[in-house]
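Here is the file work.tsv (TSV, C-alpha atoms and all ligand atoms).
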```
chain	number	residue	atom	x	y	z
A	238	MET	CA	4.05	3.28	-17.87
A	239	LEU	CA	4.03	4.44	-14.31
A	240	LEU	CA	3.54	8.19	-14.23
A	241	LYS	CA	5.11	10.46	-11.66
A	242	TYR	CA	2.04	10.14	-9.47
A	243	SER	CA	0.40	6.78	-9.05
A	244	PHE	CA	-2.14	5.46	-6.64
A	245	GLY	CA	-2.84	1.89	-5.64
A	246	ILE	CA	-6.44	0.87	-5.26
A	247	GLY	CA	-7.44	-2.33	-3.64
A	248	ASP	CA	-10.85	-3.73	-4.40
A	249	ARG	CA	-11.40	-6.90	-2.43
A	250	PHE	CA	-14.57	-7.93	-4.22
A	251	ALA	CA	-13.61	-6.55	-7.65
A	252	ARG	CA	-16.88	-4.67	-8.13
A	253	GLN	CA	-15.88	-1.02	-7.81
A	254	GLY	CA	-13.30	-0.61	-10.58
A	255	ARG	CA	-15.35	1.95	-12.51
A	256	HIS	CA	-16.17	4.01	-9.44
A	257	GLN	CA	-12.56	3.95	-8.34
A	258	LEU	CA	-11.43	5.05	-11.78
A	259	ARG	CA	-13.93	7.94	-11.77
A	260	ALA	CA	-11.77	9.50	-9.07
A	261	PHE	CA	-8.83	9.50	-11.51
A	262	THR	CA	-10.87	10.96	-14.36
A	263	GLU	CA	-12.04	13.69	-11.99
A	264	ALA	CA	-8.41	14.41	-11.02
A	265	GLU	CA	-7.55	14.58	-14.70
A	266	LYS	CA	-10.08	17.40	-15.08
A	267	SER	CA	-7.96	19.38	-12.61
A	268	GLY	CA	-4.94	18.72	-14.80
A	269	VAL	CA	-3.37	16.02	-12.63
A	270	ILE	CA	-2.91	12.67	-14.27
A	271	ILE	CA	-2.41	9.83	-11.84
A	272	THR	CA	-1.76	6.24	-12.83
A	273	PRO	CA	-4.33	3.90	-11.29
A	274	VAL	CA	-2.82	0.65	-10.06
A	275	TRP	CA	-5.18	-2.12	-9.02
A	276	ASN	CA	-3.44	-4.06	-6.30
A	277	LYS	CA	-4.34	-7.35	-4.70
A	278	SER	CA	-2.14	-9.65	-2.69
A	279	HIS	CA	-1.99	-13.41	-2.58
A	280	ARG	CA	-3.42	-13.25	0.95
A	281	GLU	CA	-6.44	-11.24	-0.19
A	282	HIS	CA	-7.07	-13.59	-3.10
A	283	THR	CA	-6.95	-16.54	-0.73
A	284	THR	CA	-9.29	-14.90	1.77
A	285	VAL	CA	-11.85	-13.83	-0.80
A	286	GLY	CA	-11.44	-16.84	-3.08
A	287	SER	CA	-10.56	-14.79	-6.16
A	288	ALA	CA	-7.83	-15.11	-8.80
A	289	PRO	CA	-5.35	-12.64	-10.32
A	290	LYS	CA	-7.01	-12.72	-13.73
A	291	GLU	CA	-10.16	-11.18	-12.23
A	292	VAL	CA	-8.23	-8.07	-11.23
A	293	MET	CA	-6.94	-7.62	-14.77
A	294	ALA	CA	-10.47	-8.15	-16.12
A	295	GLU	CA	-11.78	-5.52	-13.72
A	296	ALA	CA	-9.08	-3.03	-14.76
A	297	ILE	CA	-9.76	-3.59	-18.44
A	298	ALA	CA	-13.53	-3.25	-17.99
A	299	ALA	CA	-13.14	-0.04	-15.97
A	300	THR	CA	-10.64	1.65	-18.27
A	301	GLU	CA	-12.51	0.68	-21.44
A	302	GLY	CA	-15.85	1.58	-19.90
A	303	LEU	CA	-14.73	5.07	-18.95
A	304	GLY	CA	-12.46	5.59	-21.96
A	305	TRP	CA	-9.35	6.09	-19.81
A	306	GLN	CA	-6.65	7.29	-22.19
A	307	HIS	CA	-3.62	6.91	-19.93
A	308	SER	CA	-1.71	4.00	-18.55
A	309	TYR	CA	-3.02	1.74	-15.81
A	310	LEU	CA	-1.44	-1.16	-14.04
A	311	VAL	CA	-2.33	-4.34	-12.22
A	312	ASP	CA	-0.16	-5.03	-9.20
A	313	ALA	CA	0.78	-8.48	-7.97
A	314	ASP	CA	0.94	-7.10	-4.48
A	315	HIS	CA	3.41	-8.39	-1.91
A	316	ILE	CA	4.46	-11.46	-3.81
A	317	ASN	CA	7.57	-13.53	-3.29
A	318	LEU	CA	9.07	-16.58	-4.96
A	319	ASP	CA	6.38	-18.85	-3.51
A	320	THR	CA	3.42	-16.83	-4.75
A	321	VAL	CA	4.48	-14.97	-7.91
A	322	LYS	CA	3.72	-17.63	-10.48
A	323	GLU	CA	-0.05	-17.35	-10.77
A	324	PHE	CA	0.20	-13.56	-11.14
A	325	ILE	CA	2.59	-13.47	-14.06
A	326	PRO	CA	0.19	-13.51	-17.02
A	327	HIS	CA	-2.26	-11.13	-15.34
A	328	SER	CA	-0.03	-8.44	-13.86
A	329	ASN	CA	2.25	-5.72	-15.16
A	330	PHE	CA	3.36	-4.38	-11.79
A	331	PHE	CA	5.04	-6.62	-9.26
A	332	THR	CA	5.61	-5.79	-5.61
A	333	LEU	CA	8.49	-7.94	-4.50
A	334	ASP	CA	8.01	-8.36	-0.80
A	335	VAL	CA	11.37	-9.17	0.73
A	336	GLY	CA	10.22	-8.72	4.33
A	337	LYS	CA	10.57	-12.36	5.27
A	338	TYR	CA	14.14	-12.53	3.96
A	339	ILE	CA	15.40	-9.58	5.98
A	340	GLY	CA	17.77	-10.60	8.73
A	341	LYS	CA	18.82	-13.81	6.98
A	342	LYS	CA	22.49	-13.74	6.10
A	343	ALA	CA	23.86	-13.96	2.59
A	344	GLU	CA	26.98	-16.00	1.91
A	345	GLU	CA	30.05	-14.60	3.61
A	346	SER	CA	31.94	-14.19	0.31
A	347	GLU	CA	29.01	-12.28	-1.20
A	348	ILE	CA	28.86	-9.97	1.80
A	349	ARG	CA	32.59	-9.37	1.61
A	350	LYS	CA	32.40	-8.48	-2.09
A	351	PHE	CA	29.61	-6.00	-1.48
A	352	VAL	CA	31.35	-4.39	1.48
A	353	VAL	CA	34.54	-3.95	-0.55
A	354	HIS	CA	32.52	-2.49	-3.41
A	355	VAL	CA	30.95	0.10	-1.12
A	356	ARG	CA	34.17	0.88	0.70
A	357	THR	CA	36.11	1.51	-2.49
A	358	ASN	CA	33.45	3.83	-3.84
A	359	PHE	CA	32.49	5.85	-0.79
A	360	LEU	CA	34.01	7.79	1.99
A	361	ASP	CA	33.21	7.03	5.62
A	362	GLY	CA	31.36	10.21	6.32
A	363	LEU	CA	29.18	10.72	3.27
A	364	ASN	CA	26.94	13.77	3.22
A	365	ILE	CA	23.88	14.21	1.06
A	366	ILE	CA	22.83	17.81	0.74
A	367	GLY	CA	19.70	18.43	2.75
A	368	VAL	CA	19.87	15.22	4.78
A	369	SER	CA	20.29	15.95	8.45
A	370	GLU	CA	22.56	13.01	9.27
A	371	GLU	CA	26.01	12.15	8.05
A	372	PHE	CA	26.17	8.61	6.67
A	373	ASN	CA	28.39	6.32	8.62
A	374	LEU	CA	29.89	4.04	5.98
A	375	SER	CA	32.57	2.54	8.15
A	376	LEU	CA	33.53	-1.08	7.58
A	377	LYS	CA	31.51	-2.12	10.61
A	378	SER	CA	28.41	-0.21	9.66
A	379	VAL	CA	28.35	-1.36	6.02
A	380	LYS	CA	28.88	-4.91	7.14
A	381	GLU	CA	26.04	-4.72	9.60
A	382	VAL	CA	23.64	-3.47	6.95
A	383	ALA	CA	24.83	-6.09	4.47
A	384	ASN	CA	24.35	-8.84	7.05
A	385	LYS	CA	20.79	-7.70	7.53
A	386	PHE	CA	19.68	-6.84	3.99
A	387	LEU	CA	21.94	-8.26	1.29
A	388	TYR	CA	20.21	-11.65	1.20
A	389	SER	CA	16.79	-10.04	0.83
A	390	ILE	CA	17.94	-8.03	-2.19
A	391	GLN	CA	19.51	-11.14	-3.71
A	392	LYS	CA	16.07	-12.72	-3.36
A	393	ALA	CA	14.46	-9.70	-4.99
A	394	ALA	CA	16.88	-10.12	-7.90
A	395	GLU	CA	15.92	-13.76	-8.13
A	396	ILE	CA	12.19	-12.97	-8.23
A	397	TYR	CA	12.78	-10.21	-10.75
A	398	SER	CA	14.69	-12.45	-13.13
A	399	PHE	CA	12.05	-15.16	-12.75
A	400	ILE	CA	9.34	-12.68	-13.77
A	401	ARG	CA	11.41	-11.35	-16.65
A	402	LYS	CA	12.10	-14.81	-17.95
A	403	SER	CA	8.50	-15.94	-17.60
A	404	LYS	CA	7.17	-12.83	-19.28
A	405	GLY	CA	9.83	-12.80	-21.95
A	406	ASN	CA	10.03	-9.02	-21.82
A	407	ASP	CA	10.71	-6.02	-19.61
A	408	ASP	CA	7.33	-4.46	-20.00
A	409	PHE	CA	6.36	-4.30	-16.34
A	410	CYS	CA	7.00	-2.23	-13.25
A	411	ILE	CA	8.92	-3.35	-10.22
A	412	GLU	CA	8.49	-2.34	-6.65
A	413	ILE	CA	10.46	-3.68	-3.74
A	414	SER	CA	8.62	-3.59	-0.43
A	415	MET	CA	9.99	-3.87	3.05
A	416	ASP	CA	7.17	-2.20	4.90
A	417	GLU	CA	5.67	-5.27	6.54
A	418	VAL	CA	8.49	-5.77	9.02
A	419	GLU	CA	9.06	-4.99	12.67
A	420	SER	CA	11.35	-1.97	12.53
A	421	PRO	CA	11.69	0.94	10.13
A	422	GLN	CA	14.78	1.26	7.97
A	423	SER	CA	17.28	3.94	8.90
A	424	ARG	CA	18.71	6.47	6.47
A	425	VAL	CA	21.99	4.64	6.06
A	426	GLU	CA	20.11	1.37	5.58
A	427	LEU	CA	17.98	2.90	2.85
A	428	LEU	CA	21.05	4.25	1.07
A	429	LEU	CA	22.79	0.90	1.18
A	430	ILE	CA	19.65	-1.01	0.20
A	431	LEU	CA	19.49	1.16	-2.92
A	432	LYS	CA	23.15	0.43	-3.52
A	433	MET	CA	22.37	-3.29	-3.30
A	434	ILE	CA	19.45	-2.94	-5.69
A	435	SER	CA	21.69	-1.26	-8.24
A	436	TYR	CA	24.50	-3.75	-7.53
A	437	TYR	CA	22.20	-6.61	-8.50
A	438	GLY	CA	20.77	-4.68	-11.43
A	439	ILE	CA	17.10	-4.60	-10.44
A	440	PRO	CA	15.40	-1.81	-12.39
A	441	ILE	CA	13.00	-0.66	-9.70
A	442	ASP	CA	10.26	1.87	-10.30
A	443	THR	CA	9.39	2.29	-6.65
A	444	LEU	CA	10.58	1.27	-3.23
A	445	ALA	CA	8.34	0.89	-0.18
A	446	PRO	CA	10.32	1.28	3.03
A	447	LYS	CA	8.83	1.11	6.48
A	448	PHE	CA	8.49	4.52	8.06
A	449	GLU	CA	8.49	5.45	11.73
A	450	GLY	CA	5.18	5.56	13.54
A	451	ARG	CA	2.10	3.39	13.31
A	452	PHE	CA	0.12	2.92	10.12
A	453	ASN	CA	-2.95	1.16	11.44
A	454	LYS	CA	-5.54	-0.41	9.18
A	455	GLY	CA	-8.16	2.02	7.97
A	456	ILE	CA	-7.39	4.80	10.42
A	457	ASP	CA	-5.07	7.76	10.61
A	458	TYR	CA	-1.33	7.69	11.20
A	459	GLU	CA	-0.21	7.59	14.81
A	460	GLY	CA	3.18	9.09	15.40
A	461	ASP	CA	5.29	12.21	15.46
A	462	LEU	CA	4.37	14.27	12.40
A	463	SER	CA	7.49	16.38	12.40
A	464	ALA	CA	9.70	13.29	12.67
A	465	PHE	CA	7.83	11.77	9.72
A	466	GLU	CA	8.30	14.97	7.76
A	467	LYS	CA	12.06	14.92	8.27
A	468	GLU	CA	12.25	11.19	7.54
A	469	PHE	CA	10.17	11.42	4.37
A	470	GLU	CA	12.18	14.38	3.07
A	471	ASP	CA	15.47	12.62	3.81
A	472	PHE	CA	14.21	9.50	2.05
A	473	LEU	CA	13.27	11.54	-1.03
A	474	LEU	CA	16.76	13.02	-1.11
A	475	ILE	CA	18.37	9.61	-0.70
A	476	MET	CA	16.28	8.18	-3.56
A	477	ASP	CA	17.41	11.04	-5.76
A	478	TYR	CA	21.02	10.72	-4.76
A	479	ALA	CA	20.96	6.99	-5.51
A	480	ALA	CA	19.33	7.51	-8.90
A	481	GLU	CA	22.10	9.89	-9.87
A	482	GLN	CA	25.13	8.36	-8.19
A	483	PHE	CA	24.29	4.70	-8.68
A	484	GLY	CA	22.97	5.17	-12.22
A	485	MET	CA	19.49	3.99	-11.28
A	486	ASN	CA	16.16	4.81	-12.87
A	487	PRO	CA	15.91	8.63	-12.71
A	488	ASP	CA	12.14	8.33	-12.17
A	489	GLN	CA	12.38	5.90	-9.29
A	490	LYS	CA	10.18	6.92	-6.43
A	491	LEU	CA	9.05	6.15	-2.95
A	492	SER	CA	5.98	4.14	-2.23
A	493	ILE	CA	3.87	4.44	0.88
A	494	HIS	CA	1.90	1.37	1.80
A	495	THR	CA	-0.34	-0.09	4.42
A	496	GLY	CA	-4.10	-0.12	4.52
A	497	SER	CA	-4.13	2.90	6.77
A	498	ASP	CA	-5.71	6.19	5.81
A	499	LYS	CA	-2.71	8.35	6.82
A	500	PHE	CA	-4.76	11.54	6.33
A	501	SER	CA	-2.59	13.64	8.64
A	502	LEU	CA	0.44	12.78	6.50
A	503	TYR	CA	-1.11	13.84	3.20
A	504	PRO	CA	-0.46	17.60	3.49
A	505	ILE	CA	3.17	16.88	4.44
A	506	ILE	CA	3.66	14.45	1.57
A	507	ASN	CA	1.97	16.80	-0.90
A	508	ARG	CA	4.21	19.70	0.10
A	509	LEU	CA	7.42	17.67	-0.02
A	510	ILE	CA	6.87	15.90	-3.33
A	511	LYS	CA	6.15	19.29	-4.89
A	512	LYS	CA	9.13	20.93	-3.19
A	513	HIS	CA	11.46	18.24	-4.55
A	514	ASP	CA	9.62	17.63	-7.80
A	515	ALA	CA	9.43	13.99	-6.75
A	516	GLY	CA	7.05	11.24	-7.74
A	517	LEU	CA	5.05	9.07	-5.39
A	518	HIS	CA	3.20	5.80	-5.36
A	519	LEU	CA	0.67	5.49	-2.58
A	520	LYS	CA	-1.05	2.22	-1.94
A	521	THR	CA	-4.37	1.69	-0.23
A	522	ALA	CA	-6.17	-1.56	0.37
A	523	GLY	CA	-9.25	-1.88	2.53
A	524	THR	CA	-10.60	1.60	1.97
A	525	THR	CA	-12.98	0.55	-0.77
A	526	TRP	CA	-14.35	-2.37	1.24
A	527	LEU	CA	-15.18	0.04	4.08
A	528	GLU	CA	-17.01	2.34	1.67
A	529	GLU	CA	-19.03	-0.67	0.58
A	530	VAL	CA	-19.94	-1.25	4.20
A	531	ILE	CA	-20.97	2.40	4.59
A	532	GLY	CA	-23.11	2.37	1.46
A	533	LEU	CA	-24.82	-0.88	2.39
A	534	ALA	CA	-25.51	0.34	5.92
A	535	GLU	CA	-27.11	3.48	4.56
A	536	ALA	CA	-29.22	1.39	2.22
A	537	GLU	CA	-31.07	0.09	5.31
A	538	GLY	CA	-33.20	-3.08	5.10
A	539	ALA	CA	-31.51	-6.35	4.17
A	540	ALA	CA	-28.23	-4.60	3.38
A	541	LEU	CA	-27.97	-3.00	6.81
A	542	GLU	CA	-29.00	-6.28	8.37
A	543	LEU	CA	-26.08	-8.07	6.73
A	544	MET	CA	-23.61	-5.38	7.82
A	545	LYS	CA	-24.80	-5.81	11.39
A	546	GLU	CA	-24.48	-9.58	11.15
A	547	ILE	CA	-20.94	-9.24	9.82
A	548	TYR	CA	-19.95	-6.94	12.64
A	549	ILE	CA	-21.47	-9.16	15.31
A	550	GLU	CA	-19.71	-12.20	13.91
A	551	ALA	CA	-16.47	-10.20	13.80
A	552	LEU	CA	-16.89	-9.42	17.49
A	553	HIS	CA	-17.14	-13.15	18.24
A	554	ARG	CA	-14.17	-13.96	16.02
A	555	PHE	CA	-12.09	-11.03	17.24
A	556	GLU	CA	-8.86	-12.93	17.96
A	557	GLU	CA	-8.89	-14.88	14.73
A	558	LEU	CA	-9.58	-11.85	12.54
A	559	THR	CA	-7.15	-9.49	14.18
A	560	SER	CA	-4.22	-11.80	14.88
A	561	PRO	CA	-2.71	-11.65	11.34
A	562	TYR	CA	-2.59	-7.86	11.59
A	563	LEU	CA	-1.25	-7.21	15.07
A	564	THR	CA	1.39	-4.72	13.95
A	565	VAL	CA	-1.15	-2.67	12.01
A	566	LEU	CA	-4.11	-2.60	14.37
A	567	ASN	CA	-4.67	-0.68	17.56
A	568	ILE	CA	-8.11	-1.64	18.77
A	569	ASN	CA	-9.36	-0.75	22.19
A	570	LYS	CA	-11.89	-3.51	22.78
A	571	GLU	CA	-13.73	-1.46	25.36
A	572	ASN	CA	-14.78	0.98	22.68
A	573	LEU	CA	-16.36	-1.67	20.51
A	574	PRO	CA	-20.17	-1.43	20.63
A	575	ASP	CA	-21.78	-4.68	21.76
A	576	SER	CA	-24.14	-6.72	19.60
A	577	ASP	CA	-27.37	-5.47	21.21
A	578	LYS	CA	-26.39	-1.90	20.74
A	579	VAL	CA	-25.49	-2.37	17.09
A	580	ARG	CA	-28.72	-4.30	16.44
A	581	SER	CA	-30.64	-1.19	17.45
A	582	TRP	CA	-28.66	1.16	15.18
A	583	SER	CA	-30.09	2.92	12.14
A	584	GLY	CA	-28.15	2.71	8.90
A	585	LYS	CA	-27.14	6.34	9.33
A	586	LEU	CA	-25.71	5.73	12.78
A	587	PHE	CA	-23.83	2.63	11.58
A	588	ALA	CA	-22.39	4.58	8.65
A	589	GLU	CA	-21.38	7.57	10.73
A	590	SER	CA	-19.65	5.37	13.28
A	591	ILE	CA	-17.50	3.81	10.62
A	592	ARG	CA	-16.88	6.62	8.13
A	593	HIS	CA	-13.42	8.10	8.57
A	594	ASP	CA	-14.53	11.59	9.50
A	595	GLN	CA	-12.54	12.66	12.52
A	596	GLN	CA	-14.74	15.74	12.96
A	597	ASN	CA	-17.79	13.58	13.57
A	598	PRO	CA	-18.19	12.73	17.27
A	599	LEU	CA	-19.88	9.45	16.29
A	600	TYR	CA	-16.80	8.21	14.41
A	601	ASN	CA	-15.37	5.17	16.21
A	602	SER	CA	-11.89	4.17	15.06
A	603	ASP	CA	-11.99	0.88	16.97
A	604	PHE	CA	-15.22	-0.14	15.27
A	605	ARG	CA	-13.75	0.89	11.91
A	606	GLN	CA	-10.58	-1.16	12.39
A	607	LEU	CA	-12.47	-4.28	13.33
A	608	MET	CA	-14.75	-3.94	10.31
A	609	HIS	CA	-11.63	-3.47	8.19
A	610	THR	CA	-10.60	-7.02	9.04
A	611	ALA	CA	-14.12	-8.44	8.58
A	612	TYR	CA	-14.10	-8.66	4.78
A	613	LYS	CA	-13.36	-12.31	5.29
A	614	ILE	CA	-16.86	-12.75	6.71
A	615	ALA	CA	-18.43	-10.82	3.84
A	616	ALA	CA	-16.62	-13.15	1.45
A	617	LYS	CA	-18.15	-16.13	3.20
A	618	HIS	CA	-21.63	-14.71	2.52
A	619	GLY	CA	-20.89	-14.92	-1.21
A	620	GLU	CA	-23.81	-13.91	-3.38
A	621	ARG	CA	-25.89	-12.66	-0.52
A	622	PHE	CA	-23.27	-9.95	-0.13
A	623	THR	CA	-22.41	-9.34	-3.78
A	624	ASP	CA	-26.09	-9.23	-4.84
A	625	LEU	CA	-26.64	-6.46	-2.31
A	626	LEU	CA	-23.63	-4.62	-3.73
A	627	ASP	CA	-25.18	-4.89	-7.19
A	628	GLU	CA	-28.58	-3.78	-5.96
A	629	HIS	CA	-27.15	-0.69	-4.26
A	630	GLU	CA	-24.44	0.04	-6.79
A	631	VAL	CA	-25.26	3.73	-7.22
A	632	LEU	CA	-25.15	4.53	-3.53
A	633	VAL	CA	-22.07	2.41	-2.81
A	634	GLY	CA	-20.25	3.58	-5.95
A	635	GLU	CA	-20.71	7.21	-5.03
A	636	HIS	CA	-19.05	6.60	-1.66
A	637	VAL	CA	-16.19	4.71	-3.29
A	638	PHE	CA	-15.64	7.55	-5.75
A	639	GLN	CA	-15.95	10.39	-3.22
A	640	ASN	CA	-13.64	8.67	-0.76
A	641	ILE	CA	-10.81	8.19	-3.23
A	642	TYR	CA	-11.22	11.52	-4.93
A	643	LYS	CA	-11.89	13.81	-1.98
A	644	ARG	CA	-10.11	12.15	0.90
A	645	HIS	CA	-7.10	10.73	-0.92
A	646	LEU	CA	-6.26	12.08	-4.38
A	647	THR	CA	-7.17	15.70	-3.67
A	648	PRO	CA	-5.10	16.28	-0.51
A	649	LEU	CA	-2.23	14.17	-1.84
A	650	PHE	CA	-1.79	15.42	-5.38
A	651	ILE	CA	-4.26	18.09	-6.37
A	652	GLN	CA	-4.70	20.70	-3.66
B	701	ZN	ZN	2.96	-3.07	1.84
```

Is it possible to give me this structure as structure tokens?
Amino acid sequence: MLLKYSFGIGDRFARQGRHQLRAFTEAEKSGVIITPVWNKSHREHTTVGSAPKEVMAEAIAATEGLGWQHSYLVDADHINLDTVKEFIPHSNFFTLDVGKYIGKKAEESEIRKFVVHVRTNFLDGLNIIGVSEEFNLSLKSVKEVANKFLYSIQKAAEIYSFIRKSKGNDDFCIEISMDEVESPQSRVELLLILKMISYYGIPIDTLAPKFEGRFNKGIDYEGDLSAFEKEFEDFLLIMDYAAEQFGMNPDQKLSIHTGSDKFSLYPIINRLIKKHDAGLHLKTAGTTWLEEVIGLAEAEGAALELMKEIYIEALHRFEELTSPYLTVLNINKENLPDSDKVRSWSGKLFAESIRHDQQNPLYNSDFRQLMHTAYKIAAKHGERFTDLLDEHEVLVGEHVFQNIYKRHLTPLFIQ
């Protein structure tokens, strides 16, 4: 169901499904088939006031409308035991977010059993060909990792079996995500997490670890590119090793999350997945919403007016809008244009300030990040906002399509 390459598309207002899918049909013309996965989290549904069944309806309308012949999926994004229920009938991809369970300790006897299991199957100094570090699997080290992660994987197993039971079949994909946490997982942690996943029999399709560096909303990666390159390559090798040695899904792959644009990582990822013949799932979220903003700004008139209003309100509600995303935002408030300035802007200037084109001197990453969080305000405007989207569908849709096709799919999978 999930092909080697898959790409997660968020669509906060569920209006751009067809234009998003056009990017995949264009990629197909270059001979690269990528599974589209429409993802939306419980948090986004709550903010926008939408329901999981609307995402499925959007996916069906888009794929039928464009005659998409390949698989597509609808992702219950970042769910846990508290939020999974409403997604079950309308999703066939589940992202089990275990972030909030990490660090909580499993029962002592359970930890002991797992540690013994690892220690009887592995040597202290395990080497995986190509991975720079030797794996320290000493009693102390395995115990430490089990103390930190075993409970979270038990929880993942619990969510998985709940979904399986509720669905009455196995016809869905499973991702485990641990990207929305404070610190990145180390190599030995990743290896042992995979061991835990196989130990509890969760048939994962993808795993989303947290990588080093900052993945800020809507903007490029901030961090050491060569360190990321080494980390990503090591993680690919560990995934492969686990698939083979732990008898896991041979097609299991890494997933890269966050609403960031990560453009500087794309050439590295592209090269490494091809070098290792690996698959990849890459998830985006707010990108489409920002293209809607760009298209509506360019439309001038009432549409531009609303975009300005949204920005100005976002400025006033800065703390409230940004506080849920502190680990994934890096906004320098001094670079945010004030309300008077923005009121005087043309649609072109507004659009160029927000479009993620690092070559353009007008591009303002602080402005872009704040607008990224402002979809909540657009949602509040209800039909005033969605009617404008309908009115300017051609212009907005073209931006949505071009953004996904040219800025994401091409450098990641096609080039
Ligand atoms: Zn995530």

Item to check | Distance query Arg644 in chain A at most 10 Å, only C-alpha atoms, self and fewer than 6 positions along chain excluded, as a PyMOL selection string | outcome: chain A and resi 498+500+503+593-594+638

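Distances from A:Thr623, A:Ser414, A:Thr357, A:Asn507 to ligand ZN 701 (chain B) were compared using all atoms listed in the file, and the smallest one belongs to A:Ser414.
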
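For ligand ZN 701 (chain B), the neighbouring protein, DNA and RNA residues, which are those within 10 Å when only C-alpha atoms and all ligand atoms are counted, are A:Ser278, A:Asp314, A:His315, A:Thr332, A:Leu333, A:Asp334, A:Gly336, A:Ile413, A:Ser414, A:Met415, A:Asp416, A:Glu417, A:Val418, A:Ala445, A:Pro446, A:Lys447, A:Ser492, A:Ile493, A:His494, A:Thr495, A:Gly496, A:Leu519, A:Lys520, A:Thr521, A:Ala522.
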
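The spacing separating CA of Phe324 in chain A from CA of Pro421 in chain A amounts to 28.2 Å.
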
Next on the checklist: Using all atoms listed in the file, which protein or nucleic acid residues come within 12 Å of range 455-457 of chain A? Drop anything in the same chain fewer than 5 positions from it, and give the result as a ChimeraX atom specification.
Outcome noted: /A:450,462,494-503,521-528,562,565-568,591-595,600-610,644

Would you put the residues from that selection into a file with C-alpha atoms, as a short mmCIF file (atom, residue, chain, number, x, y, z; two decimals), in the coordinates of the input?
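File part_12.cif, as written:
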```
data_model
loop_
_atom_site.label_atom_id
_atom_site.label_comp_id
_atom_site.auth_asym_id
_atom_site.auth_seq_id
_atom_site.Cartn_x
_atom_site.Cartn_y
_atom_site.Cartn_z
CA GLY A 450 5.18 5.56 13.54
CA LEU A 462 4.37 14.27 12.40
CA HIS A 494 1.90 1.37 1.80
CA THR A 495 -0.34 -0.09 4.42
CA GLY A 496 -4.10 -0.12 4.52
CA SER A 497 -4.13 2.90 6.77
CA ASP A 498 -5.71 6.19 5.81
CA LYS A 499 -2.71 8.35 6.82
CA PHE A 500 -4.76 11.54 6.33
CA SER A 501 -2.59 13.64 8.64
CA LEU A 502 0.44 12.78 6.50
CA TYR A 503 -1.11 13.84 3.20
CA THR A 521 -4.37 1.69 -0.23
CA ALA A 522 -6.17 -1.56 0.37
CA GLY A 523 -9.25 -1.88 2.53
CA THR A 524 -10.60 1.60 1.97
CA THR A 525 -12.98 0.55 -0.77
CA TRP A 526 -14.35 -2.37 1.24
CA LEU A 527 -15.18 0.04 4.08
CA GLU A 528 -17.01 2.34 1.67
CA TYR A 562 -2.59 -7.86 11.59
CA VAL A 565 -1.15 -2.67 12.01
CA LEU A 566 -4.11 -2.60 14.37
CA ASN A 567 -4.67 -0.68 17.56
CA ILE A 568 -8.11 -1.64 18.77
CA ILE A 591 -17.50 3.81 10.62
CA ARG A 592 -16.88 6.62 8.13
CA HIS A 593 -13.42 8.10 8.57
CA ASP A 594 -14.53 11.59 9.50
CA GLN A 595 -12.54 12.66 12.52
CA TYR A 600 -16.80 8.21 14.41
CA ASN A 601 -15.37 5.17 16.21
CA SER A 602 -11.89 4.17 15.06
CA ASP A 603 -11.99 0.88 16.97
CA PHE A 604 -15.22 -0.14 15.27
CA ARG A 605 -13.75 0.89 11.91
CA GLN A 606 -10.58 -1.16 12.39
CA LEU A 607 -12.47 -4.28 13.33
CA MET A 608 -14.75 -3.94 10.31
CA HIS A 609 -11.63 -3.47 8.19
CA THR A 610 -10.60 -7.02 9.04
CA ARG A 644 -10.11 12.15 0.90
#
```

How big is the axis-aligned box around the listed atoms of range 551-567 of chain A once 4 Å is added on each side, and where is its centre? Give both in Å to one decimal, as AutoDock Vina command-line options.
```
--center_x -7.9 --center_y -7.8 --center_z 14.8 --size_x 26.5 --size_y 22.2 --size_z 14.9
```

Could you list, as a compact mmCIF listing (two decimals) with C-alpha atoms, in the coordinates of the input, every residue within 12 Å of range 362-373 of chain A, counting all atoms listed in the file and ignoring same-chain residues fewer than 4 positions away?
```txt
# COMPACT_ATOMS: atom_id res chain seq x y z
CA VAL A 355 30.95 0.10 -1.12
CA ARG A 356 34.17 0.88 0.70
CA ASN A 358 33.45 3.83 -3.84
CA LYS A 377 31.51 -2.12 10.61
CA SER A 378 28.41 -0.21 9.66
CA VAL A 379 28.35 -1.36 6.02
CA LYS A 380 28.88 -4.91 7.14
CA GLU A 381 26.04 -4.72 9.60
CA VAL A 382 23.64 -3.47 6.95
CA SER A 423 17.28 3.94 8.90
CA ARG A 424 18.71 6.47 6.47
CA VAL A 425 21.99 4.64 6.06
CA GLU A 426 20.11 1.37 5.58
CA LEU A 427 17.98 2.90 2.85
CA LEU A 428 21.05 4.25 1.07
CA LEU A 429 22.79 0.90 1.18
CA ALA A 464 9.70 13.29 12.67
CA GLU A 466 8.30 14.97 7.76
CA LYS A 467 12.06 14.92 8.27
CA GLU A 468 12.25 11.19 7.54
CA PHE A 469 10.17 11.42 4.37
CA GLU A 470 12.18 14.38 3.07
CA ASP A 471 15.47 12.62 3.81
CA PHE A 472 14.21 9.50 2.05
CA LEU A 473 13.27 11.54 -1.03
CA LEU A 474 16.76 13.02 -1.11
CA ILE A 475 18.37 9.61 -0.70
CA MET A 476 16.28 8.18 -3.56
CA ASP A 477 17.41 11.04 -5.76
CA TYR A 478 21.02 10.72 -4.76
CA ALA A 479 20.96 6.99 -5.51
CA GLU A 481 22.10 9.89 -9.87
CA GLN A 482 25.13 8.36 -8.19
CA HIS A 513 11.46 18.24 -4.55
```

Checklist entry - Could you state the separation of CA of His256 in chain A and CA of Glu529 in chain A in Å, given to one decimal place? => result 11.4 Å
